[in-house]
Amino acid sequence: MKHRTLRDESLFFERNPNRRQRQGILLPTFDGPSVDPDSVLPAEALMDDQPLWPDIGEMDVVTHFHRLSQLNYAVDEGLYPLGSCTMKYNPRINEAVAGLSAFNAAHPLQPDHQVQGVLQVMWELEETLKTITGMPGITLQPAAGAHGELAGILMIRKALEARGENREIVLVPDSAHGTNPATAAFAGFRAVEIPSGPDGTVDLEALDTAMDENVAAVMLTVPNTLGVFEHRIVEIAEMVHSRGGFVYMDGANLNAFVGRALPGLMGADAMHINLHKTFSTPHGGGGPGAGPVAVSEALLPFLPVPRVVKSDDGFAMLWSDENSIGSLRGFSGSFLILLRALVYMRGMGGDGLREMSETGVLYANIIRKRLEGAYHLQYDTPTMHEVVFDDSEQVKHGVHNTDIAKRLLDYGFHPPTMSFPLVVHGALMIEPTESVGPEEIRAFCEAMLAIAKEAEQTPEVVTSAPHETPVRRVDEVLAARQLKVRFEDEG
Amino acid sequence: MKHRTLRDESLFFERNPNRRQRQGILLPTFDGPSVDPDSVLPAEALMDDQPLWPDIGEMDVVTHFHRLSQLNYAVDEGLYPLGSCTMKYNPRINEAVAGLSAFNAAHPLQPDHQVQGVLQVMWELEETLKTITGMPGITLQPAAGAHGELAGILMIRKALEARGENREIVLVPDSAHGTNPATAAFAGFRAVEIPSGPDGTVDLEALDTAMDENVAAVMLTVPNTLGVFEHRIVEIAEMVHSRGGFVYMDGANLNAFVGRALPGLMGADAMHINLHKTFSTPHGGGGPGAGPVAVSEALLPFLPVPRVVKSDDGFAMLWSDENSIGSLRGFSGSFLILLRALVYMRGMGGDGLREMSETGVLYANIIRKRLEGAYHLQYDTPTMHEVVFDDSEQVKHGVHNTDIAKRLLDYGFHPPTMSFPLVVHGALMIEPTESVGPEEIRAFCEAMLAIAKEAEQTPEVVTSAPHETPVRRVDEVLAARQLKVRFEDEG
Amino acid sequence: MHPWVGAGPQDRRNLLDELGLETIDQLLARLPEAVRIDRLDLPPAQDETALRRAFFDIGLNNTTAARTPSFLGAGVYNHIRPAAVDAVLSRAEFFTSYTPYQPEISQGTLQALFEFQTLMTRLTGMEVSNASLYDGATALVEAALFAFRVLRTKRSRVVLAETVHPIYRSVLDAYAEPTGLEIVTVPAGPDGRLDLKALEAAVNGDTCCVAVQSPNFLGVVENLGAVSHAAHGVGALAVHVVTEALSMALLKAGGHFDFDVVCGEAQSFGVAPGYGGPHLGFFTCREKTIRQMPGRLCGETVDSEGDRAFCLTLSTREQHIRRAKATSNICTNQGLMALAATVWLEAVGGAGLRRLAQDNLSRAHELARRLVDENSGWRLAFPDSPFFNEFLIRGPVGGSEAARKAEQAGVLAGVPVIRWNERWPDGLLIAVTENNPVTDFDALIGALGSAS
Amino acid sequence: MHPWVGAGPQDRRNLLDELGLETIDQLLARLPEAVRIDRLDLPPAQDETALRRAFFDIGLNNTTAARTPSFLGAGVYNHIRPAAVDAVLSRAEFFTSYTPYQPEISQGTLQALFEFQTLMTRLTGMEVSNASLYDGATALVEAALFAFRVLRTKRSRVVLAETVHPIYRSVLDAYAEPTGLEIVTVPAGPDGRLDLKALEAAVNGDTCCVAVQSPNFLGVVENLGAVSHAAHGVGALAVHVVTEALSMALLKAGGHFDFDVVCGEAQSFGVAPGYGGPHLGFFTCREKTIRQMPGRLCGETVDSEGDRAFCLTLSTREQHIRRAKATSNICTNQGLMALAATVWLEAVGGAGLRRLAQDNLSRAHELARRLVDENSGWRLAFPDSPFFNEFLIRGPVGGSEAARKAEQAGVLAGVPVIRWNERWPDGLLIAVTENNPVTDFDALIGALGSAS
Ligand SMILES: Cc1ncc(COP(=O)(O)O)c(C=O)c1O
Ligand SMILES: Cc1ncc(COP(=O)(O)O)c(C=O)c1O
């Protein structure tokens, strides 16, 4: 391992603390007359002319963020094995295309004939997603996966309404992602948990019992968050449908089977697709994403507006539609993310997309095989694109999953997802980035094995980790106890 | 100081060492017939089909260079006080404009009417440089400063030839940059050194003696490499001219007085301008640069070709000219660097350029003032844009300038230029980056003062530095003794 | 194998060997026959040369503000986006990283978020800010739900100014029924400002919040003090929605008028119009209500050596901990856009921001003056109402027709507002920014003149 | 104060106070009156919006291969430049750093240079490579001077093939007189290849080197073995100049024919045409002559803990140490372009590079075949000579006229060679790369057909 000095980087507000006159950007100048705010705006509405924060030169701004960036790990540094999060390589060609001003300067209220290029991209993306999901309808509007869940559940709600039904419950497996129950609640349903069976999949009996005429939908993740494929998905969907419910599929794990299976064949009524997971758009340190939703025939009438339609005169935006659930956000979607995803899909082609999924599954299985002796595996059901170990072996030596995570930082790797899914106590959820070469997978496994050994032999090295990071272990408890969520000037 | 683990980064050739089939870039495919090389090329000319190096996936290429980049210091990290090298902030707008395909896809052999935009940029840059230098002619061709020196000296040679003279000597002060004598020699002259006087400027008497009818030119750096302005420059130029010689001015330090003085008024016959110093184009880890040369009336006929000319029909490239020294490189210049420099000049405006120079001088003087007690200053002549200390105080404790440099790395700063100019033994040559705020200048001075203290109190900390860099002190002697300048596969 | 896949065919073979398998299919054996496919019916992979050509050509079918004078605003503005901001955003350390759940190797993102939160509180005059929401419209929805939670009673009435962006209002409508909110809209008066009398009448003991936009959708500056007074009078929360965030540099935001929430859209701060997204929703409120705030939050703390450090905090409000009881279901947010705004606001600077707002004010008022003076027939829809950088004009023809004619003259003239509300004058909403030089003014005036 | 200046007016005031000064002028007191000015007569600063507009508009006056089918080559080629290469080059750690004189914080640049050197030796079949020179033309000049130094005798005759790029030849001419070299040009035969008989006649005991380009300026592959044999026969060095570096993936370079230097231009490897620069000169030679090599060199060594590390080495050859006795005066070189080539070559990959060369070969031969078959009147100037991706054609009209007509048909048809040499057929030099799809072929054939 190498390491490197990095300068402590003060907060922007601590720079030029005396607020000396400086300039960060040369602003455009206006040749016309300057208007005095007092003369055109009500006095009580006006801010005083004290600057709200300092001004510093352009280079100081750039160095500030350069130095901050040095404190971050990123996909470009190597494997980023965050389970469920699907940290993919973000091809640079996506960024190049999204940088074209013909796209990024388009205004969402321009008339359709001025933005045919934009609409074509959206239309083609919808068609591509239909092929990938085998489902007949798409909305591109949702801003992320959770937003897609909401769109799906609201469509289900509306469909039930249209049928004159008022079901109150959404069933959610205990292994589900937190957004699933949160979405159900947000949409006005009661989220009811169903337990997992011993192989990690939904307990069919429990589902059978729970699935009554008050259940609006079942939310299933396929493969689920344990990386296990719900192999009875078709039966489950049939059961749910036969009792008047809908199947919501959390498609965050679609990357496990693109080109090898179709959600449409599984009986999904709605499924969101995280373009920032399966289709390579960058995570951006927390976002933005995009969460298009694919729907079955039954939900087509309820798709959100606006959405793109094609006619002989070209493409058009449909801003209202009788049965639509309406708009769940401003405008028609996070277009620049949609654009990146389409560039990726075209760049991959059908075969490339399939190879990518297969490689994810292959890598996850290799990792499972190599780590199996050293880390405990609660469910030994076959693994798809991610594998969930736990820390029970290490806890014997006083080492917990968080310690393992922090220690991995010293080895120069981003850790797996911790403590999720909740059904595995002390979980370490590993999902490999499929674009790395096998050498990187090997290096990661070696680091994990080395840590397992350390946990046995020198546990204090692990429990006191990280040792080689820009800051040492961060006190998250204190942060919540003594809330400090903005900088306040001394004086 | 913070620090951070970085993964050891193997050589590219050590990745995928078994040369397994992989692909780094999806190459364009050709729909037409594939030609068998054997059928169209002589057998003895053909390479065998063994790949020359491995193939790895695109992400592995990106991570490789991402990790390598993490091992570098750069201007964006902060002050880069390399004397003589003039590490300026590289405005991002320069890069944005240079990224336009309308410029970077232009081919140098396109007819003039297809590239009027390119020619306009070159013409405007020439005009701007004329204003800045007060000199009547410009060649944009040279690829860097040293190349500009060569262009200038060759023009002088040709001018002498035209006069029927065959002078053999070029005088170069002992404080000059190495490229000055090297250029003189390259151009077929004998470089003769003239000593510096006690104030660091040229010893006028020595010059008077040396300046005879065998001297083709005197090469002067203004301000010189000690950061001292040759205040008798006008007299010197007169003396040189009166004896039939030419004045070559090394303009690497032009950044000290843009907008405050004109080389044309100083009597310069030729002066190169490092666009990658004074005019903000990035250094690129060693290049590329651009070294346009401004010339006096006397040298106008000898300017290199091709060069841009303006007529009523627009701009044209002049590819030959009777008295020209010809072409010193392929095509007409490092156009994309020239373009960046013009963007910068327009972005700065005349006043901005002047303010920049003034600030450089101001910062250098502040640094001088703050460090003067701790580091020895051989010449106390007023400082322009850079100041040269030496290590004589620290040598008393066994600490040399290199040690100080290496220790600065631990403090997160790039060190000054070491051991140049040669007239100062153990030199530490400091030239501030003018675009940083005063806080950064302060931090640098504090680091320098802290090291001076360490040199006294704990010299071993300094002599064993650096401690916090990706590699520890590098054995440069071994590198030269056991030459290893390429990677060789084991097998 | 495709270059974006890390393992080649031989690697695949080797890895399968290590697993003791013959084929990838064996790994996928759990997939039921009934759901399987063998391949996707999609075109073959395109190389970069082909992709660049294809998307460049598709882009030719767009006409945008990048090359055409544009006065389009209505919630999405064409402000400067300095090259330095782009350069920071293209640092892989920022754009290719995940949500900073591991603070030890995410201090860059975290500190930037902390700075973002600070900037937003200073702009809005509020005490706390979250780390972003999807966009301005969903921020308004979150504000209404927040008010409902904060009051802990069953007050479900949201009193909404008619002059709130019509798209925001329709988004709120879509969420209202399932979330159990009832939306009551208060009309604007003939001066384009919220009718305060009508507002007094609309609020009651069942009201959880009053939401007003200022400058409003028609560009008019509202009387914020009166609104918060009305809201608080019935024990409801006051919500200030902002769509042109730059206005807050010149015009006091809700924080200065005792509002409980200031939220909205900060696309103006360095985020591309991008046909509507990704944009940047923001949400600020009072410290005492922080536990009801939706979205992520970054806090200051220390590391094990006592040095300052940052981490995500109060995550007990969030879905990944609180699940069905979370304050919102949001997970992925608009992190990179929050970073864009942070870089942009710091680069523009405190004094710079004020100058920029002043510049917009001057340009807009000058254009308004010239439109009225030079174009007989075109006039301000609300001549006596204060505005910042956007205003509604009426003329001899309707807004849509005027825009169509202006387009032929090479100007994107503004947004016709008639499509949303028959009650509003059939005019054009004109937004003016620092990116509209005087030549744009001439072009617009010429174009509208000929459209008369 | 301008934003690119770090200190504002108050800072300036404070710093002057610290120096005990009133004005900046006092700092500049040493500047003699006679040379001073107060200000520059230049236009005021332009903001970024204005700059972007202005340069976009200026760019509209260029017609380039970016949007127009182009067959221009002649030493500058339009190869792919993958987005990933740009992304690496735009890392500030690479493009804003200086020459890696401080190896401890420059290992990124150094290791990349070491990899560049390795790549170039593998391509050329030589033993050592420097870290770049200005461009191909100056690389040839350096090779001639290198040969002069290596032989340590006073041999000053440079025997140059006429088929070396005419611009390179003119550059060599410009350096010849001052450096004391005598240039003797050996003509090409009617097949476009160097006349070997004439070569035998031209070399003698005064010859320091024989320089040949292959594929030569006319696209024809030369007989390298015969050239090195002729050179070595008189004790001179053999220099292979390359202008289309991609050719070396398919065609053995000089290293495989006992040449002493292989040098030239590597712009093909990820460097933009950019109207001629910055490009990438390269220089490779034998290990035994390394001390005479011009330019920087990166070597492997260890750090004080014994770990592998890299640093610049053999700097005793260079101007900053050896001053007037240096092997060259070069200082700033083409570092970033060497990095571009390194990223490009590694991304394209070893097998990929061969495929790419094969692709170019196929395209060029197919276009040549179609031009002959489909365009009565146009034919290969050297039908029996082997070529890689570039060839000369002749037709019913001269090259310049054909190019002019083709331009009207929307094709940049090729480089007319007549301007350099009356002896050469008055034709068009056509270069074909992977960026020329078949639709470009159709366009060219159509354009030349109508130019007949
Ligand atoms: C299984 C699963 N479902 C849903 C989500 C929510 O998606 P988003 O973060 O895009 O809102 C995630 C994201 O982490 C997930 O992993
Ligand atoms: C004073 C001086 N002269 C000349 C040069 C040579 O310039 P370049 O490196 O651009 O060839 C330099 C560069 O370091 C310099 O500092």
# chains A, B, ... in the order shown; residues from 1 in each chain; ligands from 1
>>> residues_around(residues="range 414-422 of chain D", least_positions_apart="3", cutoff="8 Å", atoms="only C-alpha atoms", output="list in words")
Leu109 and Gln110 of chain B; Ser70, Phe71, Leu72, Gly73, Ala74, Pro166, Gly399, Ser400, Ala403, Pro425, Asp426, Gly427, Leu428, Leu429, Ile430 and Ala431 of chain D
>>> write_last_selection(atoms="N, CA, C and O atoms", output="PDB file, in the first residue's frame")
ATOM      1  N   LEU B 109      -3.042  20.649 -43.567  1.00  0.00           N
ATOM      2  CA  LEU B 109      -2.841  20.811 -45.001  1.00  0.00           C
ATOM      3  C   LEU B 109      -4.134  21.194 -45.714  1.00  0.00           C
ATOM      4  O   LEU B 109      -4.210  21.150 -46.932  1.00  0.00           O
ATOM      5  N   GLN B 110      -5.144  21.576 -44.967  1.00  0.00           N
ATOM      6  CA  GLN B 110      -6.366  22.059 -45.623  1.00  0.00           C
ATOM      7  C   GLN B 110      -6.084  23.409 -46.275  1.00  0.00           C
ATOM      8  O   GLN B 110      -5.288  24.199 -45.763  1.00  0.00           O
TER       9      GLN B 110
ATOM     10  N   SER D  70     -13.508  12.961 -44.765  1.00  0.00           N
ATOM     11  CA  SER D  70     -12.165  13.462 -45.052  1.00  0.00           C
ATOM     12  C   SER D  70     -11.196  12.320 -45.312  1.00  0.00           C
ATOM     13  O   SER D  70     -11.197  11.318 -44.598  1.00  0.00           O
ATOM     14  N   PHE D  71     -10.369  12.509 -46.336  1.00  0.00           N
ATOM     15  CA  PHE D  71      -9.318  11.544 -46.650  1.00  0.00           C
ATOM     16  C   PHE D  71      -7.950  12.205 -46.578  1.00  0.00           C
ATOM     17  O   PHE D  71      -7.024  11.800 -47.238  1.00  0.00           O
ATOM     18  N   LEU D  72      -7.877  13.238 -45.743  1.00  0.00           N
ATOM     19  CA  LEU D  72      -6.610  13.941 -45.574  1.00  0.00           C
ATOM     20  C   LEU D  72      -5.709  13.146 -44.652  1.00  0.00           C
ATOM     21  O   LEU D  72      -6.137  12.676 -43.597  1.00  0.00           O
ATOM     22  N   GLY D  73      -4.462  13.003 -45.048  1.00  0.00           N
ATOM     23  CA  GLY D  73      -3.504  12.300 -44.198  1.00  0.00           C
ATOM     24  C   GLY D  73      -2.171  13.020 -44.337  1.00  0.00           C
ATOM     25  O   GLY D  73      -2.006  14.090 -43.788  1.00  0.00           O
ATOM     26  N   ALA D  74      -1.263  12.414 -45.078  1.00  0.00           N
ATOM     27  CA  ALA D  74       0.029  13.053 -45.341  1.00  0.00           C
ATOM     28  C   ALA D  74       0.716  13.443 -44.039  1.00  0.00           C
ATOM     29  O   ALA D  74       1.212  14.556 -43.894  1.00  0.00           O
ATOM     30  N   PRO D 166       7.875  15.755 -47.476  1.00  0.00           N
ATOM     31  CA  PRO D 166       8.563  16.968 -47.949  1.00  0.00           C
ATOM     32  C   PRO D 166       8.675  18.045 -46.879  1.00  0.00           C
ATOM     33  O   PRO D 166       9.634  18.824 -46.894  1.00  0.00           O
ATOM     34  N   GLY D 399      -4.582  17.032 -59.076  1.00  0.00           N
ATOM     35  CA  GLY D 399      -5.009  16.823 -57.698  1.00  0.00           C
ATOM     36  C   GLY D 399      -5.693  18.042 -57.108  1.00  0.00           C
ATOM     37  O   GLY D 399      -6.729  17.930 -56.429  1.00  0.00           O
ATOM     38  N   SER D 400      -5.147  19.215 -57.359  1.00  0.00           N
ATOM     39  CA  SER D 400      -5.709  20.413 -56.735  1.00  0.00           C
ATOM     40  C   SER D 400      -7.114  20.670 -57.266  1.00  0.00           C
ATOM     41  O   SER D 400      -8.029  20.993 -56.515  1.00  0.00           O
ATOM     42  N   ALA D 403      -9.534  18.157 -55.816  1.00  0.00           N
ATOM     43  CA  ALA D 403      -9.857  18.443 -54.414  1.00  0.00           C
ATOM     44  C   ALA D 403     -10.860  19.591 -54.327  1.00  0.00           C
ATOM     45  O   ALA D 403     -11.787  19.560 -53.518  1.00  0.00           O
ATOM     46  N   PRO D 425       3.735  12.550 -59.689  1.00  0.00           N
ATOM     47  CA  PRO D 425       2.499  12.640 -60.456  1.00  0.00           C
ATOM     48  C   PRO D 425       1.560  13.655 -59.794  1.00  0.00           C
ATOM     49  O   PRO D 425       1.495  13.738 -58.569  1.00  0.00           O
ATOM     50  N   ASP D 426       0.878  14.402 -60.602  1.00  0.00           N
ATOM     51  CA  ASP D 426      -0.030  15.422 -60.085  1.00  0.00           C
ATOM     52  C   ASP D 426      -1.333  14.759 -59.637  1.00  0.00           C
ATOM     53  O   ASP D 426      -2.348  14.814 -60.316  1.00  0.00           O
ATOM     54  N   GLY D 427      -1.267  14.125 -58.494  1.00  0.00           N
ATOM     55  CA  GLY D 427      -2.435  13.377 -58.049  1.00  0.00           C
ATOM     56  C   GLY D 427      -2.876  13.772 -56.650  1.00  0.00           C
ATOM     57  O   GLY D 427      -2.465  14.801 -56.104  1.00  0.00           O
ATOM     58  N   LEU D 428      -3.708  12.932 -56.097  1.00  0.00           N
ATOM     59  CA  LEU D 428      -4.225  13.142 -54.747  1.00  0.00           C
ATOM     60  C   LEU D 428      -3.737  12.031 -53.847  1.00  0.00           C
ATOM     61  O   LEU D 428      -3.815  10.845 -54.206  1.00  0.00           O
ATOM     62  N   LEU D 429      -3.262  12.427 -52.668  1.00  0.00           N
ATOM     63  CA  LEU D 429      -2.839  11.442 -51.687  1.00  0.00           C
ATOM     64  C   LEU D 429      -4.039  11.173 -50.777  1.00  0.00           C
ATOM     65  O   LEU D 429      -4.537  12.080 -50.118  1.00  0.00           O
ATOM     66  N   ILE D 430      -4.480   9.932 -50.773  1.00  0.00           N
ATOM     67  CA  ILE D 430      -5.708   9.565 -50.070  1.00  0.00           C
ATOM     68  C   ILE D 430      -5.362   8.728 -48.850  1.00  0.00           C
ATOM     69  O   ILE D 430      -4.705   7.689 -48.986  1.00  0.00           O
ATOM     70  N   ALA D 431      -5.791   9.174 -47.683  1.00  0.00           N
ATOM     71  CA  ALA D 431      -5.577   8.380 -46.461  1.00  0.00           C
ATOM     72  C   ALA D 431      -6.916   7.847 -45.982  1.00  0.00           C
ATOM     73  O   ALA D 431      -7.921   8.566 -46.012  1.00  0.00           O
TER      74      ALA D 431
END
>>> interface_residues(of="chain D", to="chain A", cutoff="6 Å", atoms="only C-alpha atoms", output="PyMOL selection string")
chain D and resi 3-4+6+8+10+47+83-84
>>> residues_near_ligand(ligand="ligand 1", cutoff="8 Å", atoms="only C-alpha atoms and all ligand atoms", output="PyMOL selection string")
(chain A and resi 83-86+143-149+176-180+221+224-225+250-253+274+276-277+289-291) or (chain C and resi 329-333)
>>> atom_distance(atom1="CA of Pro294 in chain D", atom2="CA of Lys88 in chain B")
27.6 Å
>>> atom_distance(atom1="CA of Phe269 in chain D", atom2="CA of Trp344 in chain D")
5.9 Å
>>> interface_residues(of="chain D", to="chain C", cutoff="8 Å", atoms="only C-alpha atoms", output="JSON, numbers by chain")
{"D": [48, 49, 80, 82, 83, 91, 435]}
>>> write_last_selection(atoms="N, CA and C atoms", output="mmCIF file, in the first residue's frame")
data_model
loop_
_atom_site.group_PDB
_atom_site.id
_atom_site.type_symbol
_atom_site.label_atom_id
_atom_site.label_comp_id
_atom_site.auth_asym_id
_atom_site.auth_seq_id
_atom_site.Cartn_x
_atom_site.Cartn_y
_atom_site.Cartn_z
ATOM 1 N N GLU D 48 -16.892 34.417 -19.756
ATOM 2 C CA GLU D 48 -16.954 33.114 -20.418
ATOM 3 C C GLU D 48 -18.072 33.010 -21.440
ATOM 4 N N THR D 49 -19.202 33.601 -21.131
ATOM 5 C CA THR D 49 -20.300 33.546 -22.091
ATOM 6 C C THR D 49 -19.856 34.198 -23.390
ATOM 7 N N ILE D 80 -9.470 7.242 -34.326
ATOM 8 C CA ILE D 80 -10.373 7.347 -33.174
ATOM 9 C C ILE D 80 -9.660 8.012 -31.994
ATOM 10 N N PRO D 82 -10.874 7.864 -28.292
ATOM 11 C CA PRO D 82 -11.926 7.421 -27.360
ATOM 12 C C PRO D 82 -12.139 8.409 -26.213
ATOM 13 N N ALA D 83 -13.357 8.510 -25.769
ATOM 14 C CA ALA D 83 -13.703 9.413 -24.677
ATOM 15 C C ALA D 83 -12.893 9.109 -23.419
ATOM 16 N N ARG D 91 -7.583 14.844 -16.352
ATOM 17 C CA ARG D 91 -7.262 14.779 -14.921
ATOM 18 C C ARG D 91 -6.232 15.870 -14.627
ATOM 19 N N ASN D 435 -12.093 5.716 -39.184
ATOM 20 C CA ASN D 435 -13.146 6.725 -39.087
ATOM 21 C C ASN D 435 -13.800 7.033 -40.423
#
>>> interface_residues(of="chain A", to="chain B", cutoff="6 Å", atoms="only C-alpha atoms", output="PyMOL selection string")
chain A and resi 1-8+59-60+63+76-78+412+435-436+468-470
>>> residues_around(residues="Ile233 in chain A", least_positions_apart="6", cutoff="10 Å", atoms="only C-alpha atoms", output="ChimeraX atom specification")
/A:201-202,220,222-223,239,247,263,265-268 /C:31-32,35
>>> closest_atom_pairs(of="chain D", to="ligand 2", cutoff="12 Å", atoms="only C-alpha atoms and all ligand atoms", output="JSON lines")
{"residue": "D:Tyr98", "atom": "CA", "partner": "ligand 2", "partner_atom_place_in_ligand_line": "14 (O)", "distance": 9.9}
{"residue": "D:Thr99", "atom": "CA", "partner": "ligand 2", "partner_atom_place_in_ligand_line": "9 (O)", "distance": 9.3}
{"residue": "D:Tyr101", "atom": "CA", "partner": "ligand 2", "partner_atom_place_in_ligand_line": "14 (O)", "distance": 11.6}
{"residue": "D:Leu133", "atom": "CA", "partner": "ligand 2", "partner_atom_place_in_ligand_line": "11 (O)", "distance": 11.2}
{"residue": "D:Tyr134", "atom": "CA", "partner": "ligand 2", "partner_atom_place_in_ligand_line": "11 (O)", "distance": 10.2}
{"residue": "D:Gly295", "atom": "CA", "partner": "ligand 2", "partner_atom_place_in_ligand_line": "11 (O)", "distance": 11.3}
{"residue": "D:Arg296", "atom": "CA", "partner": "ligand 2", "partner_atom_place_in_ligand_line": "9 (O)", "distance": 11.9}
{"residue": "D:Glu318", "atom": "CA", "partner": "ligand 2", "partner_atom_place_in_ligand_line": "11 (O)", "distance": 11.9}
{"residue": "D:Gln319", "atom": "CA", "partner": "ligand 2", "partner_atom_place_in_ligand_line": "6 (C)", "distance": 9.6}
{"residue": "D:His320", "atom": "CA", "partner": "ligand 2", "partner_atom_place_in_ligand_line": "14 (O)", "distance": 8.9}
{"residue": "D:Arg323", "atom": "CA", "partner": "ligand 2", "partner_atom_place_in_ligand_line": "4 (C)", "distance": 11.7}
{"residue": "D:Ser328", "atom": "CA", "partner": "ligand 2", "partner_atom_place_in_ligand_line": "11 (O)", "distance": 11.0}
{"residue": "D:Asn329", "atom": "CA", "partner": "ligand 2", "partner_atom_place_in_ligand_line": "11 (O)", "distance": 7.8}
{"residue": "D:Ile330", "atom": "CA", "partner": "ligand 2", "partner_atom_place_in_ligand_line": "11 (O)", "distance": 5.9}
{"residue": "D:Cys331", "atom": "CA", "partner": "ligand 2", "partner_atom_place_in_ligand_line": "9 (O)", "distance": 4.3}
{"residue": "D:Thr332", "atom": "CA", "partner": "ligand 2", "partner_atom_place_in_ligand_line": "9 (O)", "distance": 3.7}
{"residue": "D:Asn333", "atom": "CA", "partner": "ligand 2", "partner_atom_place_in_ligand_line": "11 (O)", "distance": 7.3}
{"residue": "D:Gln334", "atom": "CA", "partner": "ligand 2", "partner_atom_place_in_ligand_line": "10 (O)", "distance": 10.4}
{"residue": "D:Gly335", "atom": "CA", "partner": "ligand 2", "partner_atom_place_in_ligand_line": "9 (O)", "distance": 11.5}
>>> residues_around(residues="Gly270 in chain D", least_positions_apart="3", cutoff="10 Å", atoms="only C-alpha atoms", output="list in words")
Tyr77, Asn78, His79, Ile80, Arg81, Pro82, Val85, Asp86, Ala266, Gln267, Pro273, His279, Leu280, Met337, Ala338, Leu339, Ala340, Ala341, Thr342, Val343, Trp344 and Leu345 of chain D
>>> select_by_dssp(residues="range 258-434 of chain A", states="strand (DSSP E or B)", output="ChimeraX atom specification")
/A:261,270-272,293-295,307-311,314-318,376-377,387-390,417-418,427-430
>>> closest_residue(among="D:Glu177, D:Glu366, D:Asp17, D:Asp440", to="Gly326 in chain B", atoms="only C-alpha atoms")
D:Glu177
>>> residues_around(residues="Thr185 in chain C", least_positions_apart="5", cutoff="12 Å", atoms="only C-alpha atoms", output="list in words")
Arg157, Val158, Val159, Leu160, Ala161, Glu162, Thr163, Val164, Pro166, Arg169, Ser170, Leu172, Asp173, Leu194, Asp195, Ala198, Leu199, Ala201, Ala202, Val203, Cys209, Val210, Ala211 and Val212 of chain C
>>> residues_around(residues="Met122 in chain A", least_positions_apart="3", cutoff="10 Å", atoms="only C-alpha atoms", output="MDAnalysis selection string")
chainID A and resid 116:119 125:128 139:140 307:309 315 332:333 335 338:339 342
>>> write_last_selection(atoms="C-alpha atoms", output="short mmCIF file (atom, residue, chain, number, x, y, z; two decimals), in the first residue's frame")
data_model
loop_
_atom_site.label_atom_id
_atom_site.label_comp_id
_atom_site.auth_asym_id
_atom_site.auth_seq_id
_atom_site.Cartn_x
_atom_site.Cartn_y
_atom_site.Cartn_z
CA GLN A 116 -37.52 16.29 -31.87
CA GLY A 117 -34.02 15.05 -31.03
CA VAL A 118 -34.83 14.95 -27.33
CA LEU A 119 -38.11 13.19 -27.94
CA LEU A 125 -35.16 4.46 -24.71
CA GLU A 126 -38.72 3.40 -24.02
CA GLU A 127 -38.64 0.93 -26.88
CA THR A 128 -35.33 -0.48 -25.67
CA THR A 139 -42.76 5.81 -17.98
CA LEU A 140 -39.43 7.62 -17.97
CA ARG A 307 -44.91 11.08 -21.95
CA VAL A 308 -43.64 10.81 -25.45
CA VAL A 309 -45.78 9.47 -28.29
CA PHE A 315 -42.66 12.75 -31.78
CA SER A 332 -40.87 14.61 -18.18
CA GLY A 333 -37.86 13.02 -16.58
CA PHE A 335 -33.49 13.60 -19.48
CA LEU A 338 -31.97 8.97 -19.77
CA LEU A 339 -29.70 10.05 -22.60
CA LEU A 342 -29.44 5.11 -24.08
#
